[in-house]
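Pasted below: my_file_9.cif, mmCIF, C-alpha atoms and all ligand atoms.
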data_input
loop_
_atom_site.label_atom_id
_atom_site.label_comp_id
_atom_site.auth_asym_id
_atom_site.auth_seq_id
_atom_site.Cartn_x
_atom_site.Cartn_y
_atom_site.Cartn_z
CA MET A 1 -13.76 317.68 26.14
CA LEU A 2 -12.58 316.94 29.67
CA ARG A 3 -15.08 318.78 31.89
CA HIS A 4 -15.56 316.38 34.84
CA ILE A 5 -12.46 316.05 36.94
CA GLY A 6 -11.28 314.59 40.23
CA VAL A 7 -8.66 316.09 42.55
CA ILE A 8 -7.10 313.79 45.14
CA GLY A 9 -5.79 315.53 48.27
CA GLY A 10 -7.22 318.87 49.40
CA GLY A 11 -4.10 320.44 50.95
CA THR A 12 -2.12 323.47 49.76
CA MET A 13 -2.17 322.48 46.08
CA GLY A 14 -5.29 320.32 45.83
CA HIS A 15 -7.79 322.87 47.13
CA GLY A 16 -6.24 325.55 44.90
CA ILE A 17 -6.34 323.32 41.82
CA ALA A 18 -10.01 322.55 42.55
CA ALA A 19 -10.74 326.28 42.95
CA ALA A 20 -9.02 327.10 39.65
CA PHE A 21 -11.00 324.51 37.66
CA ALA A 22 -14.33 325.33 39.32
CA LEU A 23 -14.10 329.01 38.33
CA HIS A 24 -14.13 327.93 34.71
CA ASP A 25 -17.16 325.71 34.47
CA VAL A 26 -15.41 322.43 35.28
CA SER A 27 -17.14 320.02 37.68
CA VAL A 28 -14.70 319.00 40.44
CA HIS A 29 -14.83 316.09 42.87
CA LEU A 30 -12.27 316.67 45.63
CA TYR A 31 -11.23 313.77 47.86
CA GLU A 32 -9.55 314.60 51.18
CA PRO A 33 -9.13 311.94 53.92
CA SER A 34 -8.40 314.31 56.83
CA ALA A 35 -11.53 315.71 58.51
CA LYS A 36 -9.64 318.78 59.74
CA GLN A 37 -8.33 319.51 56.26
CA ARG A 38 -11.79 318.95 54.75
CA ASP A 39 -13.22 321.60 57.08
CA ASP A 40 -10.60 324.11 55.89
CA ILE A 41 -11.25 323.66 52.17
CA VAL A 42 -14.32 325.84 51.59
CA PRO A 43 -13.18 328.74 53.85
CA SER A 44 -9.75 328.70 52.14
CA ILE A 45 -11.28 328.70 48.66
CA ARG A 46 -13.69 331.51 49.62
CA ALA A 47 -10.80 333.60 50.98
CA ALA A 48 -8.82 333.00 47.78
CA TYR A 49 -11.79 333.99 45.59
CA ASP A 50 -12.36 337.11 47.78
CA LEU A 51 -8.86 338.28 47.02
CA LEU A 52 -9.49 337.90 43.28
CA ILE A 53 -12.74 339.87 43.66
CA GLU A 54 -10.93 342.62 45.61
CA GLU A 55 -8.37 342.87 42.83
CA GLN A 56 -11.20 342.92 40.24
CA PHE A 57 -9.88 339.79 38.58
CA ILE A 58 -13.20 337.96 38.93
CA ASN A 59 -16.77 339.08 39.52
CA ALA A 60 -18.37 338.26 42.90
CA ALA A 61 -21.37 336.85 41.02
CA ALA A 62 -19.18 333.98 39.72
CA VAL A 63 -18.36 332.63 43.18
CA PRO A 64 -21.57 330.80 44.24
CA ALA A 65 -21.64 328.79 40.98
CA ALA A 66 -17.91 328.02 41.28
CA LEU A 67 -18.36 326.75 44.84
CA ASP A 68 -21.35 324.67 43.71
CA ARG A 69 -19.14 322.96 41.13
CA ILE A 70 -16.90 321.54 43.88
CA THR A 71 -18.06 318.47 45.80
CA ILE A 72 -15.90 317.33 48.70
CA PHE A 73 -15.64 313.62 49.48
CA ASP A 74 -14.31 311.69 52.49
CA GLU A 75 -14.04 308.47 50.45
CA LEU A 76 -12.09 307.81 47.28
CA ALA A 77 -14.46 305.55 45.30
CA PRO A 78 -17.43 307.95 44.97
CA ALA A 79 -15.06 310.87 44.35
CA VAL A 80 -13.59 309.27 41.24
CA ASN A 81 -16.85 308.02 39.81
CA ASN A 82 -17.62 309.38 36.31
CA ARG A 83 -14.51 311.54 36.05
CA HIS A 84 -12.72 312.19 32.72
CA PHE A 85 -9.48 313.33 34.33
CA ILE A 86 -8.03 312.82 37.83
CA VAL A 87 -5.05 314.71 39.24
CA GLU A 88 -3.41 313.85 42.55
CA ALA A 89 -1.93 316.38 45.00
CA ILE A 90 -1.08 314.07 47.91
CA PRO A 91 2.24 314.15 49.83
CA GLU A 92 5.44 313.85 47.81
CA ARG A 93 6.22 310.16 48.52
CA MET A 94 6.64 307.65 45.74
CA GLU A 95 5.07 304.71 47.62
CA LEU A 96 1.96 306.77 48.50
CA LYS A 97 1.50 307.85 44.90
CA GLN A 98 2.08 304.31 43.54
CA ALA A 99 -0.53 302.91 45.96
CA LEU A 100 -3.02 305.64 45.07
CA PHE A 101 -2.68 305.07 41.32
CA ALA A 102 -2.98 301.28 41.72
CA GLU A 103 -6.26 301.89 43.56
CA LEU A 104 -7.45 304.47 41.01
CA ASP A 105 -6.66 302.04 38.20
CA ARG A 106 -8.89 299.49 39.92
CA LEU A 107 -11.73 301.99 40.46
CA CYS A 108 -11.77 303.86 37.14
CA PRO A 109 -12.61 302.83 33.58
CA ALA A 110 -9.73 302.52 31.09
CA THR A 111 -10.73 305.84 29.50
CA THR A 112 -9.99 307.99 32.59
CA ILE A 113 -6.82 310.05 32.29
CA PHE A 114 -4.58 310.24 35.40
CA ALA A 115 -2.13 312.97 36.33
CA THR A 116 0.34 313.66 39.13
CA ASN A 117 1.27 317.09 40.45
CA THR A 118 4.64 315.81 41.71
CA SER A 119 7.36 318.46 42.08
CA SER A 120 10.34 316.16 42.14
CA LEU A 121 9.50 312.47 41.59
CA PRO A 122 10.18 310.79 38.22
CA LEU A 123 7.18 309.53 36.22
CA ALA A 124 8.63 306.16 35.13
CA PRO A 125 8.57 304.35 38.54
CA MET A 126 5.23 305.94 39.41
CA ILE A 127 3.52 304.26 36.45
CA ALA A 128 5.67 301.08 36.26
CA GLY A 129 3.09 298.86 38.03
CA LEU A 130 0.14 300.01 35.92
CA PRO A 131 -1.23 298.25 32.82
CA ALA A 132 0.11 299.52 29.47
CA GLU A 133 -3.24 301.05 28.51
CA ARG A 134 -3.25 303.17 31.66
CA ARG A 135 0.39 304.18 31.24
CA GLY A 136 -0.70 305.63 27.91
CA ARG A 137 -3.18 307.88 29.71
CA PHE A 138 -0.93 309.20 32.47
CA LEU A 139 0.81 312.56 32.65
CA VAL A 140 2.61 314.89 35.00
CA THR A 141 0.70 318.16 35.32
CA HIS A 142 2.88 320.32 37.53
CA TRP A 143 1.22 323.44 38.92
CA TYR A 144 2.83 326.36 40.68
CA ASN A 145 1.78 327.59 44.13
CA PRO A 146 -0.71 329.24 44.67
CA PRO A 147 -2.50 327.30 41.94
CA LEU A 148 -5.45 329.66 41.66
CA ILE A 149 -3.16 332.56 40.74
CA MET A 150 0.06 331.21 39.22
CA PRO A 151 -0.53 330.64 35.51
CA LEU A 152 2.08 327.96 34.77
CA VAL A 153 1.26 324.27 34.42
CA GLU A 154 4.10 322.10 33.09
CA ILE A 155 2.75 319.03 31.30
CA SER A 156 4.74 315.91 30.47
CA ALA A 157 5.04 314.63 26.92
CA PHE A 158 7.56 311.95 27.82
CA GLY A 159 6.47 309.50 25.18
CA ASN A 160 4.12 307.26 27.18
CA THR A 161 1.02 309.19 26.03
CA THR A 162 -0.33 309.89 22.55
CA VAL A 163 -0.42 313.37 21.02
CA GLU A 164 -4.24 313.30 21.38
CA ILE A 165 -4.09 312.69 25.15
CA TYR A 166 -1.45 315.40 25.61
CA ASP A 167 -3.49 317.87 23.54
CA ALA A 168 -6.72 317.14 25.45
CA VAL A 169 -5.00 317.66 28.82
CA ALA A 170 -3.18 320.80 27.65
CA LYS A 171 -6.50 322.17 26.32
CA LEU A 172 -8.24 321.45 29.63
CA HIS A 173 -5.66 323.64 31.42
CA GLN A 174 -5.58 326.32 28.70
CA THR A 175 -9.37 326.74 28.82
CA ILE A 176 -9.09 327.68 32.51
CA GLY A 177 -6.50 330.35 31.66
CA LYS A 178 -3.31 328.42 32.45
CA ARG A 179 -0.09 328.74 30.44
CA THR A 180 1.12 325.25 29.63
CA ALA A 181 4.72 324.23 28.96
CA LYS A 182 5.27 320.89 27.17
CA ILE A 183 8.09 318.98 28.88
CA LEU A 184 9.81 316.42 26.68
CA LYS A 185 12.10 314.64 29.14
CA ASP A 186 11.42 312.83 32.45
CA ILE A 187 13.87 314.85 34.56
CA PRO A 188 13.51 315.66 38.29
CA GLY A 189 12.01 319.10 38.85
CA LEU A 190 10.96 319.40 35.19
CA VAL A 191 11.96 322.85 33.85
CA ALA A 192 10.60 325.68 36.03
CA ASN A 193 11.84 324.43 39.42
CA ARG A 194 15.30 323.74 37.99
CA ILE A 195 15.53 327.31 36.68
CA GLN A 196 14.34 328.60 40.05
CA GLN A 197 16.90 326.49 41.96
CA ALA A 198 19.70 327.74 39.72
CA VAL A 199 18.83 331.35 40.61
CA ALA A 200 18.30 330.49 44.28
CA ARG A 201 21.71 328.75 44.54
CA GLU A 202 23.50 331.93 43.46
CA VAL A 203 21.28 334.19 45.59
CA PHE A 204 21.93 332.12 48.75
CA SER A 205 25.65 332.11 47.95
CA LEU A 206 25.68 335.91 47.48
CA ILE A 207 24.01 336.53 50.84
CA ALA A 208 26.29 333.99 52.56
CA GLN A 209 29.39 335.75 51.17
CA GLY A 210 28.08 339.15 52.29
CA ALA A 211 28.03 340.46 48.71
CA ALA A 212 25.00 342.64 49.55
CA ASP A 213 22.17 342.82 52.09
CA ALA A 214 19.04 340.70 51.59
CA ALA A 215 16.95 343.68 50.45
CA ASP A 216 19.60 344.78 47.94
CA ILE A 217 19.99 341.27 46.49
CA ASP A 218 16.22 341.05 46.08
CA THR A 219 16.13 344.56 44.54
CA ALA A 220 18.84 343.53 42.06
CA LEU A 221 16.77 340.49 41.07
CA LYS A 222 13.32 342.14 40.97
CA PHE A 223 14.38 345.25 39.06
CA GLY A 224 17.12 343.57 37.02
CA PRO A 225 16.81 340.08 35.49
CA ALA A 226 13.38 339.21 36.92
CA PHE A 227 11.93 342.48 35.61
CA ARG A 228 12.62 341.25 32.08
CA TYR A 229 11.70 337.63 32.83
CA ALA A 230 8.05 338.51 33.50
CA THR A 231 7.64 339.39 29.82
CA THR A 232 10.64 337.87 28.06
CA GLY A 233 12.12 334.41 28.58
CA GLN A 234 15.83 333.77 29.14
CA LEU A 235 16.34 332.40 25.64
CA GLU A 236 14.68 335.47 24.10
CA VAL A 237 16.76 337.72 26.39
CA ALA A 238 19.90 335.92 25.18
CA ASP A 239 18.86 336.41 21.54
CA PHE A 240 18.10 340.10 22.10
CA GLY A 241 21.40 340.68 23.92
CA GLY A 242 23.47 338.71 21.42
CA LEU A 243 24.75 335.17 21.93
CA ASP A 244 28.35 336.39 21.47
CA ILE A 245 27.91 338.64 24.53
CA TRP A 246 26.36 335.80 26.58
CA LEU A 247 29.26 333.55 25.55
CA THR A 248 31.91 336.02 26.73
CA VAL A 249 30.14 336.87 29.99
CA GLY A 250 29.45 333.18 30.68
CA ASP A 251 33.14 332.34 30.25
CA ASN A 252 34.15 335.25 32.49
CA LEU A 253 31.61 334.80 35.30
CA LEU A 254 30.56 331.18 35.63
CA ALA A 255 33.87 329.96 37.05
CA ALA A 256 33.50 332.52 39.88
CA MET A 257 29.94 331.49 40.73
CA ASP A 258 28.48 328.90 43.07
CA ALA A 259 28.40 325.38 41.62
CA SER A 260 27.35 323.47 44.78
CA ARG A 261 25.56 320.19 44.37
CA GLU A 262 23.63 320.43 47.61
CA ALA A 263 21.54 323.03 49.41
CA SER A 264 23.28 326.09 50.82
CA PRO A 265 25.01 325.70 54.23
CA LEU A 266 23.39 329.01 55.20
CA LEU A 267 19.94 327.52 54.61
CA ARG A 268 20.92 324.49 56.70
CA GLN A 269 22.06 326.77 59.53
CA LYS A 270 18.90 328.88 59.46
CA VAL A 271 16.68 325.79 59.45
CA ALA A 272 18.63 324.39 62.44
CA GLU A 273 18.01 327.70 64.25
CA GLY A 274 14.26 327.49 63.55
CA LYS A 275 14.40 330.49 61.19
CA LEU A 276 12.11 329.07 58.51
CA GLY A 277 10.88 332.36 57.04
CA ILE A 278 7.52 334.05 57.51
CA LYS A 279 5.92 331.00 59.18
CA THR A 280 8.30 331.32 62.17
CA GLY A 281 8.63 335.12 62.01
CA GLU A 282 12.22 335.13 60.70
CA GLY A 283 14.14 333.87 57.70
CA PHE A 284 16.31 336.25 55.67
CA TYR A 285 14.03 339.05 56.93
CA VAL A 286 12.33 339.53 60.30
CA TYR A 287 8.50 339.70 60.25
CA ASP A 288 6.27 341.50 62.72
CA ARG A 289 4.11 338.61 63.93
CA GLU A 290 0.97 340.75 64.14
CA ASN A 291 1.32 341.76 60.50
CA ILE A 292 2.01 338.32 59.04
CA PRO A 293 -1.51 337.75 57.60
CA ALA A 294 -1.41 341.23 55.99
CA THR A 295 2.10 340.61 54.65
CA ARG A 296 1.01 337.31 53.09
CA ARG A 297 -2.06 338.98 51.59
CA ALA A 298 0.03 341.80 50.13
CA PHE A 299 2.25 339.16 48.47
CA LEU A 300 -0.80 337.45 46.93
CA LYS A 301 -2.15 340.81 45.74
CA ARG A 302 1.11 341.53 43.94
CA LEU A 303 0.80 338.17 42.20
CA VAL A 304 -2.77 338.98 41.09
CA LYS A 305 -1.60 342.35 39.71
CA GLN A 306 1.10 340.51 37.77
CA LEU A 307 -1.46 337.96 36.57
CA LYS A 308 -3.67 340.77 35.24
CA ALA A 309 -0.72 342.43 33.51
CA SER A 310 0.40 339.13 31.99
CA SER A 311 -2.91 338.48 30.24
CA ASP A 312 -1.51 340.45 27.25
CA TYR A 313 1.72 338.47 26.99
CA SER A 314 2.20 335.55 24.64
N1 LIG A 401 3.24 323.13 47.90
C1 LIG A 401 3.80 323.49 46.74
O1 LIG A 401 4.33 324.59 46.59
C2 LIG A 401 3.78 322.55 45.56
C3 LIG A 401 3.94 323.06 44.27
C4 LIG A 401 3.86 322.18 43.17
C5 LIG A 401 3.66 320.83 43.39
N2 LIG A 401 3.52 320.36 44.67
C6 LIG A 401 3.27 318.93 44.84
O2 LIG A 401 1.88 318.75 45.08
C7 LIG A 401 1.67 317.61 45.94
C8 LIG A 401 0.88 318.03 47.16
O3 LIG A 401 1.60 319.04 47.84
P1 LIG A 401 0.87 319.98 48.92
O4 LIG A 401 1.86 321.07 49.20
O5 LIG A 401 -0.50 320.33 48.46
O6 LIG A 401 0.78 319.00 50.16
P2 LIG A 401 -0.16 319.11 51.47
O7 LIG A 401 0.53 318.35 52.52
O8 LIG A 401 -0.52 320.54 51.71
O9 LIG A 401 -1.49 318.35 51.03
C9 LIG A 401 -1.57 316.97 50.84
C10 LIG A 401 -2.99 316.54 51.17
O10 LIG A 401 -3.14 315.19 50.80
C11 LIG A 401 -3.89 314.52 51.83
N3 LIG A 401 -3.51 313.10 51.76
C12 LIG A 401 -2.53 312.45 52.42
N4 LIG A 401 -2.48 311.16 52.03
C13 LIG A 401 -3.47 310.99 51.13
C14 LIG A 401 -3.93 309.89 50.36
N5 LIG A 401 -3.35 308.70 50.44
N6 LIG A 401 -4.99 310.09 49.54
C15 LIG A 401 -5.57 311.29 49.44
N7 LIG A 401 -5.17 312.38 50.11
C16 LIG A 401 -4.13 312.23 50.94
C17 LIG A 401 -3.47 315.19 53.11
O11 LIG A 401 -4.45 315.03 54.12
C18 LIG A 401 -3.30 316.65 52.67
O12 LIG A 401 -4.48 317.41 52.84
C19 LIG A 401 3.07 317.07 46.23
O13 LIG A 401 3.37 316.06 45.31
C20 LIG A 401 3.96 318.27 46.02
O14 LIG A 401 5.29 317.93 45.69
C21 LIG A 401 3.56 321.18 45.75
#
What do you get writing this file as structure tokens?
Amino acid sequence: MLRHIGVIGGGTMGHGIAAAFALHDVSVHLYEPSAKQRDDIVPSIRAAYDLLIEEQFINAAAVPAALDRITIFDELAPAVNNRHFIVEAIPERMELKQALFAELDRLCPATTIFATNTSSLPLAPMIAGLPAERRGRFLVTHWYNPPLIMPLVEISAFGNTTVEIYDAVAKLHQTIGKRTAKILKDIPGLVANRIQQAVAREVFSLIAQGAADAADIDTALKFGPAFRYATTGQLEVADFGGLDIWLTVGDNLLAAMDASREASPLLRQKVAEGKLGIKTGEGFYVYDRENIPATRRAFLKRLVKQLKASSDYS
């Protein structure tokens, strides 16, 4: 059983991954080089746990023990000592990740399993410089943000690891309540982000063409396709609807839809104008600056409600 883990990088993903493991009796060593970021970790984790308590997803009594299970380090070597499994959540740059794993390989025994939380980098070049034995104990474990709430973790089974290593890592994530998806091919973005980008491409195109207002496009998604997706995957939906129907509608509609191979020009324009979304007060919607923390919190609360509802789904 993998019960002693290391998390490298305590930013957006790393502190959330640590918080998720620690709630479920896993000992976590968290290495973060930035002093400012280190100071933010415990308050951020406490705030995230508080939200789960408020939504009655966890009991307040569980929090002190969970926080005790997380030890924060300002140096790498002691953080990775005696760890069964180490996952990195450092910035998305290949050379940084390669350097980190070369160092981890030097510091850790051959038995330690390594994982990367990369969103978009291929596995093959990341492990190319490592010894064969280590490459056989190396996976992508791709979490969704915020990691404490979002249930999905995509896990690579690209052929470099054995079935036993894959199963042990999948079990580690399943025992903390995550839903794992086994990914068979080393493709950028794995599966979930590619599906999300396909939807986003059409949504950005619809708003750019003036097909409907932002709120109406989002209503069409939330109460149309996405309403089913929370319980029923696309392939099940296709089976339930009939593949003959999907064939006809695909032939009729796809030629009329956006097929761009780069990000939407509308996104590019908004970014150039400094309209980055809630963090700058305007994106597709305008946000009242005073209410931004409450708006973010309401978003997280909706996710926790969905998480509670989804506990029944297979
Ligand atoms: N943010 C997301 O929505 C999301 C979702 C899934 C996967 N990811 C992936 O997770 C990884 C981390 O993303 P993030 O959003 O948490 O980034 P982030 O910038 O919030 O955090 C990265 C942290 O790593 C620390 N760091 C920098 N260099 C380091 C090093 N050499 N060793 C150790 N720590 C170092 C930084 O100080 C920072 O705290 C990336 O690979 C990203 O693609 C992000």
Original post:
Taking (22.2, 332.0, 50.3) in the file's coordinates as the center, which residues reach within 10 Å of it, counting all atoms listed in the file, put as a list in words?
Top reply: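 Applying the cut-off with all atoms listed in the file, one gets Ala200, Arg201, Glu202, Val203, Phe204, Ser205, Leu206, Ile207, Ala208, Gln209, Gly210, Ala214, Ala263, Ser264, Pro265, Leu266, Leu267, Arg268 and Phe284 of chain A.
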Taking all atoms of range 260-267 of chain A that the file lists and extending 5 Å past them on each side, where is the centre of the axis-aligned box and how long are its edges? Answer in Å to one decimal, as AutoDock Vina command-line options.
--center_x 23.6 --center_y 324.6 --center_z 49.8 --size_x 17.4 --size_y 18.8 --size_z 20.8
Original post:
Which is closer to ligand LIG 401 (chain A) than all the others in A:Met150, A:Ala226, A:Ile113, A:Leu67, using only C-alpha atoms and all ligand atoms?
Top reply: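 Closest candidate: A:Met150.
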**OP:** Dump the neighbourhood of ligand LIG 401 (chain A) as a PyMOL selection string: all residues within 6 Å, distances computed on all atoms listed in the file.
**Re:** chain A and resi 8-14+32-34+37+89-92+96+117-119+142-145
Original post:
At what distance in Å, to one decimal, does CA of Pro131 in chain A lie from CA of Glu154 in chain A?
Top reply: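 Taking CA of Glu154 in chain A and CA of Pro131 in chain A, their separation equals 24.4 Å.
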**OP:** For Ile187 in chain A, please output as a list of chain:residue names all residues within 10 Å (counting only C-alpha atoms; exclusion window: fewer than 4 positions along the same chain).
**Re:**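 Non-adjacent residues within range: A:Ser120, A:Leu121, A:Pro122, A:Leu123, A:Phe158, A:Ile183, A:Val191, A:Arg194.
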**OP:** Could you tell me which of A:Ile176, A:Val140, A:Val7, A:Val286 comes closest to Gly189 in chain A if we count all atoms listed in the file?
**Re:** A:Val140
Original post:
Within 7 Å of range 102-112 of chain A, counting only C-alpha atoms, which residues qualify if same-chain residues fewer than 6 places away don't, as an MDAnalysis selection string?
Top reply: chainID A and resid 77 83:85 130 134
Original post:
How far is it from CA of Thr141 in chain A to CA of Val87 in chain A, in Å with one decimal?
Top reply: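 Answer for the CA of Thr141 in chain A to CA of Val87 in chain A separation: 7.8 Å.
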Would you list the contacts of Ile70 in chain A as a short mmCIF file (atom, residue, chain, number, x, y, z; two decimals) with C-alpha atoms, in the frame of the given file, taking every protein, DNA or RNA residue within 9 Å and counting only C-alpha atoms, but skipping same-chain residues closer than 3 positions in sequence?
data_model
loop_
_atom_site.label_atom_id
_atom_site.label_comp_id
_atom_site.auth_asym_id
_atom_site.auth_seq_id
_atom_site.Cartn_x
_atom_site.Cartn_y
_atom_site.Cartn_z
CA ALA A 18 -10.01 322.55 42.55
CA ALA A 19 -10.74 326.28 42.95
CA ALA A 22 -14.33 325.33 39.32
CA VAL A 26 -15.41 322.43 35.28
CA SER A 27 -17.14 320.02 37.68
CA VAL A 28 -14.70 319.00 40.44
CA HIS A 29 -14.83 316.09 42.87
CA LEU A 30 -12.27 316.67 45.63
CA ALA A 66 -17.91 328.02 41.28
CA LEU A 67 -18.36 326.75 44.84
#
Subject >> Nearest-residue call for Pro188 in chain A, choices A:Leu235, A:Ala124, A:Ile72, A:Ala47, using all atoms listed in the file >> reply: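 Checking each candidate against Pro188 in chain A, we get A:Ala124 as the closest.
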**OP:** Rounded to one decimal place, report the CA of Gly241 in chain A-CA of Val199 in chain A distance in Å.
**Re:** 19.3 Å
**OP:** May I ask which of the residues A:Arg137, A:Arg296, A:Arg261, A:Lys275 is the closest one to Ile86 in chain A, counting all atoms listed in the file?
**Re:**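 Of A:Arg137, A:Arg296, A:Arg261, A:Lys275, the one nearest Ile86 in chain A, counting all atoms listed in the file, is A:Arg137.
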Original post:
Which is closer to Ile149 in chain A than all the others in A:Ala220, A:Val169, A:Ala128, A:Ala48, using only C-alpha atoms?
Top reply: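 Closest to Ile149 in chain A, using only C-alpha atoms: A:Ala48.
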Original post:
Contacts of Gln234 in chain A at 10 Å or less, counting only C-alpha atoms, minus same-chain residues fewer than 6 places along, as a list in words?
Top reply: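 Near Gln234 in chain A, the qualifying residues are Ile195, Pro225, Ala226, Arg228 and Phe240 of chain A.
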File dump, residues just selected, C-alpha atoms, as a compact mmCIF listing (two decimals), in the frame of the given file:
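Below is the file out.txt, written as the result:
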# COMPACT_ATOMS: atom_id res chain seq x y z
CA ILE A 195 15.53 327.31 36.68
CA PRO A 225 16.81 340.08 35.49
CA ALA A 226 13.38 339.21 36.92
CA ARG A 228 12.62 341.25 32.08
CA PHE A 240 18.10 340.10 22.10
Subject >> Nearest-residue call for Gly233 in chain A, choices A:Thr116, A:Ser314, A:Ser260, A:Asn252, using all atoms listed in the file >> reply: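 Checking each of A:Thr116, A:Ser314, A:Ser260, A:Asn252 against Gly233 in chain A, counting all atoms listed in the file, the winner is A:Ser314.
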Original post:
Can you tell me, as a PyMOL selection string, what residues are no more than 10 Å from Ser310 in chain A when counting only C-alpha atoms, ignoring any on the same chain fewer than 5 positions away?
Top reply: chain A and resi 151+230-231+304-305
